[in-house]
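Asker: Quick one: the structure is below, and I'll ask about it shortly.
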Protein chains: 2
Amino acid sequence: MPATDDSRTEHSPGSGLDLDGRKAAVLNAVVSEYIGSAQPVGSQHVVDAPGVSVSSATVRSDMAALERDGYLTQPHTSAGRIPTDKGYRFFVDHLAGPGTLDSSSRHQVRNFFDHAHGEIESMLERTSGLLADLTECTAMVVGPSHDSAPIRSVQLVGLGPRVALLVVVLADGAVQKQSVEFGVDVDDARLSDAAARLAAHSLGLPLARVPARASTTGDRSTDAVVSAALRVLRSLGSLEGGDQLFVGGSSNMASAFDAVETVRSVLTILEQQLVVVTLLRDILDTGLSVAIGTEHGVEPLAACAIVVMPVSVDGVETGTIGLLGPTRMNYPLALAAARVVGGRLGERLSEVVPTPSRGRSA
Amino acid sequence: MPATDDSRTEHSPGSGLDLDGRKAAVLNAVVSEYIGSAQPVGSQHVVDAPGVSVSSATVRSDMAALERDGYLTQPHTSAGRIPTDKGYRFFVDHLAGPGTLDSSSRHQVRNFFDHAHGEIESMLERTSGLLADLTECTAMVVGPSHDSAPIRSVQLVGLGPRVALLVVVLADGAVQKQSVEFGVDVDDARLSDAAARLAAHSLGLPLARVPARASTTGDRSTDAVVSAALRVLRSLGSLEGGDQLFVGGSSNMASAFDAVETVRSVLTILEQQLVVVTLLRDILDTGLSVAIGTEHGVEPLAACAIVVMPVSVDGVETGTIGLLGPTRMNYPLALAAARVVGGRLGERLSEVVPTPSRGRSA
DNA sequence: TTCAGCACTCACTAGAGTGGAGTGCCAACA
DNA sequence: TGTTGGCACTCCACTCTAGTGAGTGCTGAA
C-alpha cells in the first residue's frame with residue numbers, strides 16, 4: 001500500500017497537474033478502491049482512507065473538483081466516481097508507491113529462474129506464463145532482436161537428394177533455418193563445399209548484410225548450390241516480423257472484462273504479432289513505462305493499460321516485457337512483477353547468450 | 001446444403017440409432033437452423049424444410065419423439081427445440097453432406113499455399129490463422145513429432161569463451177538447440193573435435209537413443225566437453241511437450257459464446273499446450289474425426305465441439321489439425337476446411353521435409 | 001474551510017400485466 | 001394408422017410501475 005506522502009505534492013502550486021495533499025489522497029483512495037472492487041466509489045468510502053480526515057461532504061466537494069479537473073468521472077448522476085485515464089495517470093506517476101511482490105510471488109520467481117532451462121524460446125514462453133500468473137494480466141514477452149547479430153556459423157545439412165536445410169547460428173545464440181531446394185541431386189561433399197563458400201561470404205556479417213552474389217568458381221553446379229543457398233540466406237534477413245512474441249495468460253483478459261465484445265477485440269489485437277510488437281516498441285520509445293487507455297492510440301485497447309519494461313542483457317536493452325490488463329489493473333504489482341522478472345530474465349539470458357563484446361573473437 | 005437422402009436411413013429398423021426419413025429430415029432442419037440462428041427452433045420453422053412436407057402438428061409430434069429419444073431438448077416448456085450432443089452426433093454421422101468450401105475460400109487456400117514459405121514453424125503458425133479465418137473456429141495445428149527422426153547433424157558453435165550452442169538437425173528437418181556451459185575456456189579447435197566425437201556417437205540415432213556416455217580418449221579436457229554436450233543432447237530427447245502446438249483465432253471463441261465465463265474456461269484450456277495436444281491425440285486415437293460436447297471428457301470444453309484431421313506427409317500421419325468451436329459450429333464447413341487445408345499442408349510439407357524412406361542414405 | 005442537513009437523481013430490483021411463440025392433446029379425417 | 005386443424009395451455013421476454021438506497025449537489029451555519 002503506497003504511503004500517502006503529502007510532502008511530495010503539497011507545495012507545487014506552479015504545475016497545473018499537481019493536486020493539494022488532500023485531493024491527492026482522495027484520488028488515491030478512489031483509484032485504490034476502484035482497482036479492488038471495480039465499483040464506482042462513493043464519498044462515504046473515502047472518509048476513512050489515510051490522509052483524508054474530513055467529512056463525506058468535504059470529500060464530495062473534493063471529488064467534484066477532481067471531476068472538473070478531469071481526474072474522475074461518474075457513470076451517471078448519483079453514482080460514485082471512477083477514475084479517468086488522467087486519474088490513473090496521476091496515480092501511477094505520483095501516488096503509487098514502488099510496489100513489491102509478496103513473499104510467495106518472490107519465491108515463485110526465484111524458483112522459476114533457478115529451474116529455468118531449455119531453449120531460449122521455450123524459456124521466454126514460460127516466462128510469459130509466469131508473469132501472467134503473478135499479475136493476473138496478459139503477459140507479452142518479445143525476444144531479443146537478431147538484426148545486428150553477426151553470423152557465427154552457416155551449415156547445409158542434406159535432407160533429401162535435392163533438398164538441404166540451411167542452418168544459420170548467430171552470435172547471440174539464435175538459430176534460423178530454412179530448407180533449400182536444388183533442381184538436381186547434390187551430394188554431401190558438394191554441400192560441404194557450398195557451405196564453406198557460404199561461410200566465407202557471410203561469417204561475421206549480420207543477416208541483412210549478406211552479399212547478394214558470391215564469387216564464382218569454375219564448378220558450375222557448386223556455384224548453383226551456393227547461389228540458391230545465398231538467396232535463401234538473404235531472405236532470412238529480410239523477414240518481416242523478425243522479433244518473436246510470446247503471449248501468456250490471454251484467459252486473464254476474459255476475467256478482466258465482463259463484456260464479451262471487449263474480450264474479443266482485445267484477443268484480436270493479441271493475435272497480430274506485428275501490431276503487438278510495434279505497440280510495445282512505440283510505448284518504450286516514448287519513454288513511458290505505462291500506457292493507459294488511449295495513450296497508445298490503439299482503439300480496441302482503449303479499456304486497457306499496458307506496462308512495459310525493457311529486458312537488458314549486460315546493459316544492452318534487447319527484449320521487452322509487456323503486461324496488458326484493464327485500466328483498473330494493479331499498477332504497483334504489475335510494475336514490480338515486470339521489474340523483478342525482467343531483471344532476472346536479463347541475468348539468465350546473459351548467462352547463456354553472451355553479448356558480442358564478451359563473445360569470443362571471431 | 002446436404003441432400004436429405006431418405007434411402008440411406010429409411011429401412012433400418014434394427015438399429016436403435018436410426019431414424020425414419022422424415023424424423024431425420026426434421027432433425028436435420030432443426031440442427032441446420034440452430035447452427036445458423038443460435039435460437040431454439042419451433043415446429044413452424046421446420047415445415048418448409050426439404051424432406052418435411054407435413055403440417056406443423058405432425059412436426060411437433062416428430063420433435064416430441066426426437067426429444068424422447070434424446071436428440072433434441074427444450075430450454076423450457078413452450079420454447080422451440082435445440083439439438084443435444086446426441087443430435088449433433090447423428091447430424092454429423094448421417095445427415096451432414098461432405099461439405100465444400102466456397103470459391104473464395106478455395107481461392108484463399110490456394111493462394112496461401114502458393115505463397116507459403118519460410119520456416120516450417122512459421123508456416124504452421126500461419127496455417128492455424130488460415131483455418132481460423134476460413135471456419136470462424138479456433139484452429140490448432142500440431143507439428144510433426146520428432147521422436148523417431150534420426151539425427152543428421154550435430155554441431156557445437158562457440159558463443160563465448162565458456163559457452164557453446166549445441167545445434168542438432170534431425171532427418172525430418174527439425175532443428176533443436178541448447179546452450180552448453182563449460183567450466184573452463186574451450187577454443188574452436190576443441191569444439192570441433194568434440195562435435196566430431198558427438199557425431200560419431202549419435203548420428204543416425206533418434207534423440208532418445210543417444211548413449212549416456214561416450215568412449216574416452218586420452219585428452220581429459222576434450223572428454224569433459226564431450227560429456228557436457230552429451231548430457232545436453234540427451235536432455236533434448238527427454239523433453240516433455242516435444243510436439244509444438246500453434247493456436248490461431250482464439251478471438252473466435254469470444255464470438256462463439258456470450259457468457260464471458262465460458263470464454264475464460266476455454267481460453268484457459270487453450271493455454272495448456274500439453275492438454276490440447278493430448279486431447280487431439282486422444283480423439284484421433286478413438287477413431288473419431290469429430291468430438292462433440294462431453295465426448296472428449298474435458299469438462300471446460302463441454303460447450304464445444306472439436307474437429308480433428310491428421311496431416312499425412314507421404315502417407316505417414318505426422319501432424320494434426322484441430323478446429324475448436326461451439327457445439328453449434330458449422331460442421332460441414334469445418335470438416336471441409338480441415339480436409340482441404342490438411343491435404344495441402346501435407347503436400348507442402350513433403351516437398352520440404354522428405355520422410356526417412358525418401359531421405360538420402362546416411 | 002468544513003460540515004450537517006436536505007432535497008434530489010437514478011440505477012437497481014421486484015412484482016404485475018401482456019403479447020406471442022411455442023407446446024401438447026384431441027377429435028376428425030384420408 | 002398416420003396426418004391434420006383446432007384449441008387450451010405454458011412460460012419466456014418485455015414493459016410498466018413503484019419502491020429502495022446509494023450516491024450526489026447545494027446551502028446555511030459554525
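We label chains A, B, ... in the order they appear in the C-alpha cells, count residues from 1 in each chain, and number ligands from 1 in the order shown.
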Based on the backbone DSSP call, show me all residues of stretch 122-216 of chain B assigned strand (DSSP E or B), as a PyMOL selection string.

Answerer: chain B and resi 138-142+150-158+163-170+175-181+206

Asker: Next, dump the selected residues to file, keeping only C-alpha atoms, as a tab-separated table (two decimals), in the first residue's frame.

Answerer:
```tsv
chain	number	residue	atom	x	y	z
B	138	THR	CA	-10.18	-21.62	-33.15
B	139	ALA	CA	-7.62	-23.63	-35.06
B	140	MET	CA	-4.99	-25.86	-33.52
B	141	VAL	CA	-2.10	-27.20	-35.52
B	142	VAL	CA	0.24	-29.77	-34.03
B	150	PRO	CA	17.31	-39.82	-36.64
B	151	ILE	CA	19.94	-37.20	-36.03
B	152	ARG	CA	21.52	-35.96	-39.22
B	153	SER	CA	23.90	-33.40	-37.88
B	154	VAL	CA	25.38	-32.30	-34.57
B	155	GLN	CA	27.28	-29.10	-34.25
B	156	LEU	CA	28.90	-27.09	-31.49
B	157	VAL	CA	29.12	-23.36	-32.18
B	158	GLY	CA	31.15	-21.31	-29.75
B	163	VAL	CA	29.65	-21.23	-23.75
B	164	ALA	CA	28.74	-23.04	-26.94
B	165	LEU	CA	25.50	-23.71	-28.69
B	166	LEU	CA	24.66	-27.31	-29.43
B	167	VAL	CA	22.71	-27.46	-32.70
B	168	VAL	CA	21.10	-30.71	-33.75
B	169	VAL	CA	19.46	-31.26	-37.10
B	170	LEU	CA	17.08	-34.19	-37.44
B	175	VAL	CA	16.41	-28.21	-35.55
B	176	GLN	CA	16.93	-28.29	-31.82
B	177	LYS	CA	19.36	-26.17	-29.94
B	178	GLN	CA	20.55	-25.60	-26.44
B	179	SER	CA	23.48	-23.80	-24.93
B	180	VAL	CA	26.16	-25.75	-23.16
B	181	GLU	CA	28.34	-24.26	-20.46
B	206	PRO	CA	16.86	-40.67	-32.70
```

Asker: Leaving out stretch 4-14 of chain C and any residue of its chain fewer than 2 positions from it, which residues lie within 12 Å of it when counting only C-alpha atoms (C1' of nucleotides), given as a list in words?

Answerer: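 Neighbouring residues, sequence-local ones excluded: Ser55, Ser56, Ala57, Thr58, Pro75, His76, Thr77, Ser78, Ala79 and Gly80 of chain A; DT2 and DA16 of chain C; DT17, DA18, DG19, DT20, DG21, DA22, DG23, DT24, DG25, DC26, DT27, DG28, DA29 and DA30 of chain D.
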
Asker: Please give chain B as a CSV table (one decimal) with C-alpha atoms, in the first residue's frame, after it has been superposed on chain A by least squares over all Cα atoms paired in order.

Answerer:
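Once written, superposed_31.csv looks like this:
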```
chain,number,residue,atom,x,y,z
B,1,MET,CA,-0.1,0.3,0.3
B,2,PRO,CA,1.7,3.4,-0.9
B,3,ALA,CA,2.2,6.0,1.8
B,4,THR,CA,0.4,9.2,1.2
B,5,ASP,CA,3.4,11.5,1.2
B,6,ASP,CA,1.9,14.9,1.4
B,7,SER,CA,5.2,16.8,1.1
B,8,ARG,CA,5.7,15.4,-2.4
B,9,THR,CA,2.8,17.4,-4.0
B,10,GLU,CA,1.7,19.9,-1.5
B,11,HIS,CA,3.6,23.0,-2.4
B,12,SER,CA,3.7,23.1,-6.1
B,13,PRO,CA,0.9,25.5,-7.1
B,14,GLY,CA,2.8,26.3,-10.3
B,15,SER,CA,2.1,23.1,-12.1
B,16,GLY,CA,-1.5,22.6,-13.2
B,17,LEU,CA,-1.2,18.9,-12.9
B,18,ASP,CA,-0.4,18.9,-9.2
B,19,LEU,CA,-3.0,18.4,-6.5
B,20,ASP,CA,-2.9,19.5,-2.9
B,21,GLY,CA,-2.3,16.8,-0.4
B,22,ARG,CA,-5.8,15.9,0.5
B,23,LYS,CA,-7.1,15.9,-3.0
B,24,ALA,CA,-4.3,13.6,-3.9
B,25,ALA,CA,-5.2,11.4,-1.0
B,26,VAL,CA,-8.8,11.3,-2.1
B,27,LEU,CA,-7.8,10.4,-5.7
B,28,ASN,CA,-5.5,7.8,-4.3
B,29,ALA,CA,-8.4,6.3,-2.2
B,30,VAL,CA,-10.8,6.3,-5.1
B,31,VAL,CA,-8.4,4.7,-7.5
B,32,SER,CA,-7.2,2.1,-5.0
B,33,GLU,CA,-10.7,1.1,-4.1
B,34,TYR,CA,-11.9,1.0,-7.6
B,35,ILE,CA,-9.0,-1.2,-8.6
B,36,GLY,CA,-10.1,-3.6,-5.9
B,37,SER,CA,-13.9,-3.5,-6.3
B,38,ALA,CA,-14.6,-2.4,-9.9
B,39,GLN,CA,-17.5,-0.4,-8.4
B,40,PRO,CA,-18.0,3.3,-8.5
B,41,VAL,CA,-16.6,4.8,-5.2
B,42,GLY,CA,-18.8,7.1,-3.1
B,43,SER,CA,-17.6,9.8,-0.7
B,44,GLN,CA,-18.5,7.7,2.3
B,45,HIS,CA,-16.0,5.0,1.3
B,46,VAL,CA,-13.2,7.5,1.2
B,47,VAL,CA,-13.5,9.3,4.6
B,48,ASP,CA,-11.5,6.7,6.5
B,49,ALA,CA,-8.7,6.4,3.9
B,50,PRO,CA,-5.3,7.4,5.1
B,51,GLY,CA,-4.6,11.1,4.6
B,52,VAL,CA,-8.3,12.0,4.5
B,53,SER,CA,-9.6,12.9,7.9
B,54,VAL,CA,-12.5,15.1,6.9
B,55,SER,CA,-16.2,14.5,6.6
B,56,SER,CA,-17.9,13.0,3.6
B,57,ALA,CA,-19.3,16.4,2.6
B,58,THR,CA,-15.7,17.7,2.3
B,59,VAL,CA,-14.7,14.7,0.3
B,60,ARG,CA,-17.7,15.3,-2.0
B,61,SER,CA,-16.5,18.8,-2.7
B,62,ASP,CA,-13.0,17.5,-3.4
B,63,MET,CA,-14.4,14.8,-5.6
B,64,ALA,CA,-16.4,17.4,-7.5
B,65,ALA,CA,-13.2,19.4,-8.0
B,66,LEU,CA,-11.3,16.3,-9.1
B,67,GLU,CA,-14.1,15.7,-11.6
B,68,ARG,CA,-13.9,19.3,-12.9
B,69,ASP,CA,-10.2,18.8,-13.4
B,70,GLY,CA,-10.7,15.5,-15.3
B,71,TYR,CA,-9.3,13.0,-12.8
B,72,LEU,CA,-12.6,11.4,-12.0
B,73,THR,CA,-15.9,10.8,-13.7
B,74,GLN,CA,-19.4,9.6,-12.9
B,75,PRO,CA,-21.1,6.8,-14.7
B,76,HIS,CA,-24.3,8.8,-14.0
B,77,THR,CA,-25.5,11.4,-11.6
B,78,SER,CA,-25.9,10.0,-8.1
B,79,ALA,CA,-23.4,7.3,-8.6
B,80,GLY,CA,-19.9,7.2,-7.1
B,81,ARG,CA,-16.8,8.3,-9.0
B,82,ILE,CA,-14.5,6.2,-11.1
B,83,PRO,CA,-11.1,7.3,-12.3
B,84,THR,CA,-10.5,8.6,-15.8
B,85,ASP,CA,-7.4,7.8,-17.7
B,86,LYS,CA,-5.9,11.0,-16.4
B,87,GLY,CA,-6.8,9.9,-12.9
B,88,TYR,CA,-4.9,6.6,-13.4
B,89,ARG,CA,-2.1,8.5,-14.9
B,90,PHE,CA,-1.7,10.7,-11.9
B,91,PHE,CA,-2.0,7.7,-9.6
B,92,VAL,CA,0.8,5.9,-11.5
B,93,ASP,CA,3.0,8.9,-11.7
B,94,HIS,CA,2.6,10.4,-8.2
B,95,LEU,CA,0.7,8.2,-5.9
B,96,ALA,CA,1.5,4.5,-6.4
B,97,GLY,CA,4.4,3.5,-4.4
B,98,PRO,CA,7.2,1.4,-5.8
B,99,GLY,CA,5.2,-1.8,-5.2
B,100,THR,CA,6.6,-5.1,-4.1
B,101,LEU,CA,5.8,-8.8,-4.7
B,102,ASP,CA,4.5,-10.7,-1.8
B,103,SER,CA,6.8,-13.4,-0.5
B,104,SER,CA,5.0,-16.3,-2.2
B,105,SER,CA,5.3,-14.5,-5.5
B,106,ARG,CA,9.0,-13.8,-4.9
B,107,HIS,CA,9.5,-17.4,-4.1
B,108,GLN,CA,7.7,-18.4,-7.3
B,109,VAL,CA,10.0,-16.1,-9.3
B,110,ARG,CA,13.1,-17.4,-7.6
B,111,ASN,CA,12.0,-21.0,-8.1
B,112,PHE,CA,11.2,-20.4,-11.8
B,113,PHE,CA,14.6,-19.0,-12.6
B,114,ASP,CA,16.5,-21.5,-10.5
B,115,HIS,CA,14.9,-24.2,-12.6
B,116,ALA,CA,14.8,-22.4,-15.9
B,117,HIS,CA,16.4,-24.5,-18.7
B,118,GLY,CA,15.8,-25.4,-22.2
B,119,GLU,CA,15.8,-23.4,-25.4
B,120,ILE,CA,15.6,-19.6,-25.1
B,121,GLU,CA,12.3,-19.6,-26.9
B,122,SER,CA,10.6,-22.0,-24.5
B,123,MET,CA,12.0,-20.1,-21.6
B,124,LEU,CA,10.5,-16.9,-22.9
B,125,GLU,CA,7.3,-18.6,-23.4
B,126,ARG,CA,7.2,-19.9,-19.9
B,127,THR,CA,8.2,-16.5,-18.6
B,128,SER,CA,5.1,-15.1,-20.2
B,129,GLY,CA,3.1,-17.7,-18.3
B,130,LEU,CA,4.9,-16.8,-15.0
B,131,LEU,CA,4.1,-13.1,-15.5
B,132,ALA,CA,0.5,-13.8,-16.3
B,133,ASP,CA,0.2,-15.9,-13.1
B,134,LEU,CA,1.8,-13.2,-10.9
B,135,THR,CA,-0.2,-10.3,-12.2
B,136,GLU,CA,-3.5,-11.8,-13.5
B,137,CYS,CA,-2.7,-9.8,-16.6
B,138,THR,CA,-1.9,-11.0,-20.1
B,139,ALA,CA,1.8,-11.1,-20.5
B,140,MET,CA,3.7,-10.3,-23.6
B,141,VAL,CA,7.4,-11.2,-24.0
B,142,VAL,CA,9.3,-10.0,-27.0
B,143,GLY,CA,12.5,-11.9,-27.6
B,144,PRO,CA,15.8,-10.3,-28.5
B,145,SER,CA,16.1,-8.8,-31.9
B,146,HIS,CA,18.7,-10.5,-34.2
B,147,ASP,CA,19.1,-7.7,-36.7
B,148,SER,CA,22.6,-6.8,-35.8
B,149,ALA,CA,23.9,-10.2,-34.6
B,150,PRO,CA,26.7,-11.4,-36.8
B,151,ILE,CA,26.6,-14.8,-38.3
B,152,ARG,CA,28.7,-17.3,-36.4
B,153,SER,CA,28.0,-20.4,-38.4
B,154,VAL,CA,26.4,-21.5,-41.7
B,155,GLN,CA,25.7,-25.1,-42.4
B,156,LEU,CA,24.0,-27.1,-45.1
B,157,VAL,CA,22.6,-30.4,-44.0
B,158,GLY,CA,21.3,-32.7,-46.7
B,159,LEU,CA,17.8,-34.0,-46.1
B,160,GLY,CA,17.0,-35.5,-49.4
B,161,PRO,CA,18.8,-35.9,-52.7
B,162,ARG,CA,17.8,-32.4,-53.9
B,163,VAL,CA,16.9,-30.8,-50.6
B,164,ALA,CA,19.1,-29.4,-47.9
B,165,LEU,CA,18.5,-27.5,-44.7
B,166,LEU,CA,20.3,-24.2,-44.3
B,167,VAL,CA,21.1,-23.7,-40.7
B,168,VAL,CA,22.5,-20.4,-39.5
B,169,VAL,CA,23.7,-19.7,-36.0
B,170,LEU,CA,24.0,-16.1,-34.9
B,171,ALA,CA,26.4,-14.8,-32.3
B,172,ASP,CA,23.6,-14.2,-29.8
B,173,GLY,CA,22.6,-17.8,-29.9
B,174,ALA,CA,19.7,-17.5,-32.3
B,175,VAL,CA,19.3,-20.2,-34.9
B,176,GLN,CA,17.5,-19.7,-38.2
B,177,LYS,CA,16.8,-22.4,-40.7
B,178,GLN,CA,15.2,-22.9,-44.0
B,179,SER,CA,15.1,-25.6,-46.5
B,180,VAL,CA,16.8,-25.1,-49.9
B,181,GLU,CA,15.8,-27.0,-53.0
B,182,PHE,CA,18.1,-27.7,-55.8
B,183,GLY,CA,17.1,-28.7,-59.3
B,184,VAL,CA,19.5,-31.6,-59.4
B,185,ASP,CA,20.9,-34.2,-57.0
B,186,VAL,CA,23.6,-32.8,-54.7
B,187,ASP,CA,25.9,-35.1,-52.7
B,188,ASP,CA,27.3,-34.4,-49.3
B,189,ALA,CA,30.7,-33.4,-50.5
B,190,ARG,CA,29.3,-30.7,-52.7
B,191,LEU,CA,27.2,-29.5,-49.8
B,192,SER,CA,30.2,-29.2,-47.7
B,193,ASP,CA,32.0,-27.3,-50.4
B,194,ALA,CA,29.1,-25.0,-50.8
B,195,ALA,CA,28.7,-24.4,-47.1
B,196,ALA,CA,32.3,-23.5,-46.8
B,197,ARG,CA,32.0,-21.0,-49.6
B,198,LEU,CA,28.8,-19.6,-48.0
B,199,ALA,CA,30.6,-19.2,-44.7
B,200,ALA,CA,33.5,-17.3,-46.4
B,201,HIS,CA,31.0,-14.8,-47.7
B,202,SER,CA,28.8,-14.4,-44.7
B,203,LEU,CA,30.6,-15.2,-41.4
B,204,GLY,CA,30.8,-12.2,-39.1
B,205,LEU,CA,28.1,-10.2,-41.0
B,206,PRO,CA,24.6,-9.7,-39.8
B,207,LEU,CA,22.0,-11.4,-41.9
B,208,ALA,CA,20.9,-8.3,-43.6
B,209,ARG,CA,24.4,-7.6,-45.0
B,210,VAL,CA,25.0,-10.9,-46.7
B,211,PRO,CA,26.1,-10.2,-50.2
B,212,ALA,CA,23.7,-10.9,-53.0
B,213,ARG,CA,26.1,-13.0,-55.1
B,214,ALA,CA,29.2,-15.0,-54.4
B,215,SER,CA,32.4,-15.1,-56.4
B,216,THR,CA,32.2,-17.9,-58.9
B,217,THR,CA,34.5,-20.8,-59.2
B,218,GLY,CA,35.0,-23.0,-62.2
B,219,ASP,CA,32.6,-25.6,-60.9
B,220,ARG,CA,29.2,-24.6,-62.3
B,221,SER,CA,27.1,-27.0,-60.3
B,222,THR,CA,28.7,-26.0,-56.9
B,223,ASP,CA,28.1,-22.4,-58.0
B,224,ALA,CA,24.5,-23.2,-58.5
B,225,VAL,CA,24.2,-24.7,-55.0
B,226,VAL,CA,25.9,-21.7,-53.5
B,227,SER,CA,23.8,-19.2,-55.2
B,228,ALA,CA,20.6,-21.0,-54.3
B,229,ALA,CA,21.6,-21.1,-50.7
B,230,LEU,CA,22.7,-17.5,-50.7
B,231,ARG,CA,19.3,-16.5,-52.0
B,232,VAL,CA,17.7,-18.3,-49.1
B,233,LEU,CA,20.2,-16.9,-46.6
B,234,ARG,CA,19.4,-13.3,-47.7
B,235,SER,CA,15.7,-14.0,-47.5
B,236,LEU,CA,16.1,-14.9,-43.8
B,237,GLY,CA,17.5,-11.4,-43.1
B,238,SER,CA,14.7,-9.6,-44.8
B,239,LEU,CA,12.0,-11.5,-43.0
B,240,GLU,CA,9.4,-9.0,-41.8
B,241,GLY,CA,8.3,-9.8,-38.2
B,242,GLY,CA,11.6,-11.0,-37.1
B,243,ASP,CA,11.0,-10.4,-33.4
B,244,GLN,CA,9.4,-13.3,-31.7
B,245,LEU,CA,6.4,-12.6,-29.5
B,246,PHE,CA,5.2,-14.9,-26.7
B,247,VAL,CA,1.8,-14.2,-25.2
B,248,GLY,CA,0.7,-15.8,-21.9
B,249,GLY,CA,-2.4,-15.7,-19.9
B,250,SER,CA,-4.8,-14.4,-22.5
B,251,SER,CA,-7.6,-16.1,-20.5
B,252,ASN,CA,-7.0,-13.4,-17.9
B,253,MET,CA,-8.5,-10.9,-20.3
B,254,ALA,CA,-11.8,-12.8,-20.1
B,255,SER,CA,-11.7,-12.4,-16.3
B,256,ALA,CA,-10.9,-8.7,-16.6
B,257,PHE,CA,-13.9,-7.6,-18.6
B,258,ASP,CA,-17.5,-8.7,-18.5
B,259,ALA,CA,-18.4,-7.6,-22.0
B,260,VAL,CA,-17.5,-10.4,-24.3
B,261,GLU,CA,-17.2,-8.0,-27.1
B,262,THR,CA,-14.3,-6.2,-25.3
B,263,VAL,CA,-12.6,-9.6,-24.8
B,264,ARG,CA,-13.0,-10.4,-28.5
B,265,SER,CA,-11.5,-7.1,-29.7
B,266,VAL,CA,-8.5,-7.4,-27.3
B,267,LEU,CA,-7.9,-11.0,-28.3
B,268,THR,CA,-8.0,-10.0,-32.0
B,269,ILE,CA,-5.2,-7.5,-31.3
B,270,LEU,CA,-3.2,-10.1,-29.4
B,271,GLU,CA,-3.3,-12.4,-32.5
B,272,GLN,CA,-1.5,-9.8,-34.6
B,273,GLN,CA,2.1,-10.3,-33.6
B,274,LEU,CA,3.4,-7.4,-35.6
B,275,VAL,CA,0.9,-5.0,-34.1
B,276,VAL,CA,1.7,-6.0,-30.6
B,277,VAL,CA,5.5,-5.8,-31.1
B,278,THR,CA,5.2,-2.4,-32.7
B,279,LEU,CA,2.9,-1.2,-30.0
B,280,LEU,CA,5.3,-2.2,-27.2
B,281,ARG,CA,8.2,-0.7,-29.0
B,282,ASP,CA,6.3,2.6,-29.6
B,283,ILE,CA,5.4,2.9,-25.9
B,284,LEU,CA,9.0,2.2,-24.9
B,285,ASP,CA,10.2,4.8,-27.4
B,286,THR,CA,8.1,7.5,-26.0
B,287,GLY,CA,9.8,6.9,-22.7
B,288,LEU,CA,6.7,5.6,-20.9
B,289,SER,CA,6.6,2.5,-18.8
B,290,VAL,CA,2.8,2.6,-18.6
B,291,ALA,CA,0.4,3.4,-21.3
B,292,ILE,CA,-3.2,4.0,-20.1
B,293,GLY,CA,-6.3,3.8,-22.1
B,294,THR,CA,-6.0,5.7,-25.3
B,295,GLU,CA,-2.5,6.9,-24.7
B,296,HIS,CA,-1.1,4.2,-27.0
B,297,GLY,CA,-3.6,5.0,-29.8
B,298,VAL,CA,-4.8,1.5,-30.4
B,299,GLU,CA,-8.6,1.9,-30.5
B,300,PRO,CA,-9.6,-1.7,-29.4
B,301,LEU,CA,-7.4,-1.4,-26.4
B,302,ALA,CA,-9.0,1.7,-25.0
B,303,ALA,CA,-10.2,-0.1,-22.0
B,304,CYS,CA,-6.7,-1.5,-21.3
B,305,ALA,CA,-3.5,-0.3,-19.8
B,306,ILE,CA,-0.1,-1.6,-20.8
B,307,VAL,CA,3.0,-1.9,-18.6
B,308,VAL,CA,6.2,-2.2,-20.5
B,309,MET,CA,9.7,-3.0,-19.2
B,310,PRO,CA,12.9,-3.4,-21.3
B,311,VAL,CA,14.9,-6.5,-20.7
B,312,SER,CA,18.6,-5.7,-20.5
B,313,VAL,CA,21.3,-8.3,-21.2
B,314,ASP,CA,24.6,-7.0,-19.9
B,315,GLY,CA,23.3,-3.4,-20.0
B,316,VAL,CA,22.0,-3.6,-23.5
B,317,GLU,CA,18.2,-3.4,-23.9
B,318,THR,CA,17.4,-6.3,-26.0
B,319,GLY,CA,14.0,-7.6,-25.3
B,320,THR,CA,10.7,-6.3,-23.9
B,321,ILE,CA,8.2,-7.4,-21.4
B,322,GLY,CA,4.6,-6.1,-21.6
B,323,LEU,CA,1.7,-6.6,-19.3
B,324,LEU,CA,-1.8,-6.0,-20.6
B,325,GLY,CA,-4.7,-5.5,-18.3
B,326,PRO,CA,-7.8,-3.4,-17.8
B,327,THR,CA,-7.2,0.2,-16.9
B,328,ARG,CA,-8.1,-0.7,-13.4
B,329,MET,CA,-5.3,-3.1,-13.2
B,330,ASN,CA,-3.0,-3.3,-10.1
B,331,TYR,CA,-0.3,-1.0,-11.3
B,332,PRO,CA,2.1,-1.3,-8.4
B,333,LEU,CA,2.0,-5.1,-8.6
B,334,ALA,CA,2.3,-5.1,-12.4
B,335,LEU,CA,5.3,-2.7,-12.3
B,336,ALA,CA,7.0,-4.7,-9.6
B,337,ALA,CA,6.5,-8.0,-11.3
B,338,ALA,CA,7.7,-6.6,-14.6
B,339,ARG,CA,10.8,-5.2,-12.9
B,340,VAL,CA,11.7,-8.2,-11.0
B,341,VAL,CA,11.0,-10.8,-13.7
B,342,GLY,CA,12.6,-8.5,-16.3
B,343,GLY,CA,15.7,-8.3,-14.2
B,344,ARG,CA,16.0,-11.9,-13.5
B,345,LEU,CA,15.3,-12.8,-17.1
B,346,GLY,CA,18.1,-10.4,-18.3
B,347,GLU,CA,20.5,-12.1,-15.9
B,348,ARG,CA,19.5,-15.5,-17.0
B,349,LEU,CA,19.8,-14.6,-20.7
B,350,SER,CA,23.3,-13.1,-20.2
B,351,GLU,CA,24.5,-16.4,-18.8
B,352,VAL,CA,23.6,-18.4,-21.9
B,353,VAL,CA,23.7,-15.7,-24.6
B,354,PRO,CA,26.8,-13.6,-24.3
B,355,THR,CA,26.7,-10.2,-25.9
B,356,PRO,CA,29.1,-9.5,-28.8
B,357,SER,CA,31.4,-7.6,-26.6
B,358,ARG,CA,31.9,-10.6,-24.4
B,359,GLY,CA,31.9,-13.1,-27.3
B,360,ARG,CA,34.9,-14.9,-28.5
B,361,SER,CA,36.9,-13.2,-31.2
B,362,ALA,CA,35.7,-14.5,-34.5
```

Asker: Could you find all residues in stretch 48-222 of chain A that DSSP calls helix (DSSP H, G or I) from the backbone, and write them as JSON, numbers by chain?

Answerer: {"A": [56, 57, 58, 59, 60, 61, 62, 63, 64, 65, 66, 67, 68, 85, 86, 87, 88, 89, 90, 91, 92, 93, 94, 95, 103, 104, 105, 106, 107, 108, 109, 110, 111, 112, 113, 114, 120, 121, 122, 123, 124, 125, 126, 127, 128, 129, 130, 131, 132, 133, 134, 135, 188, 189, 190, 191, 192, 193, 194, 195, 196, 197, 198, 199, 200, 201, 202, 207, 208, 209, 220, 221, 222]}

Asker: Using only C-alpha atoms (C1' of nucleotides), find which residues of chain D lie within 7 Å of chain B and jot them down as a PyMOL selection string.

Answerer: chain D and resi 3-4+10-11
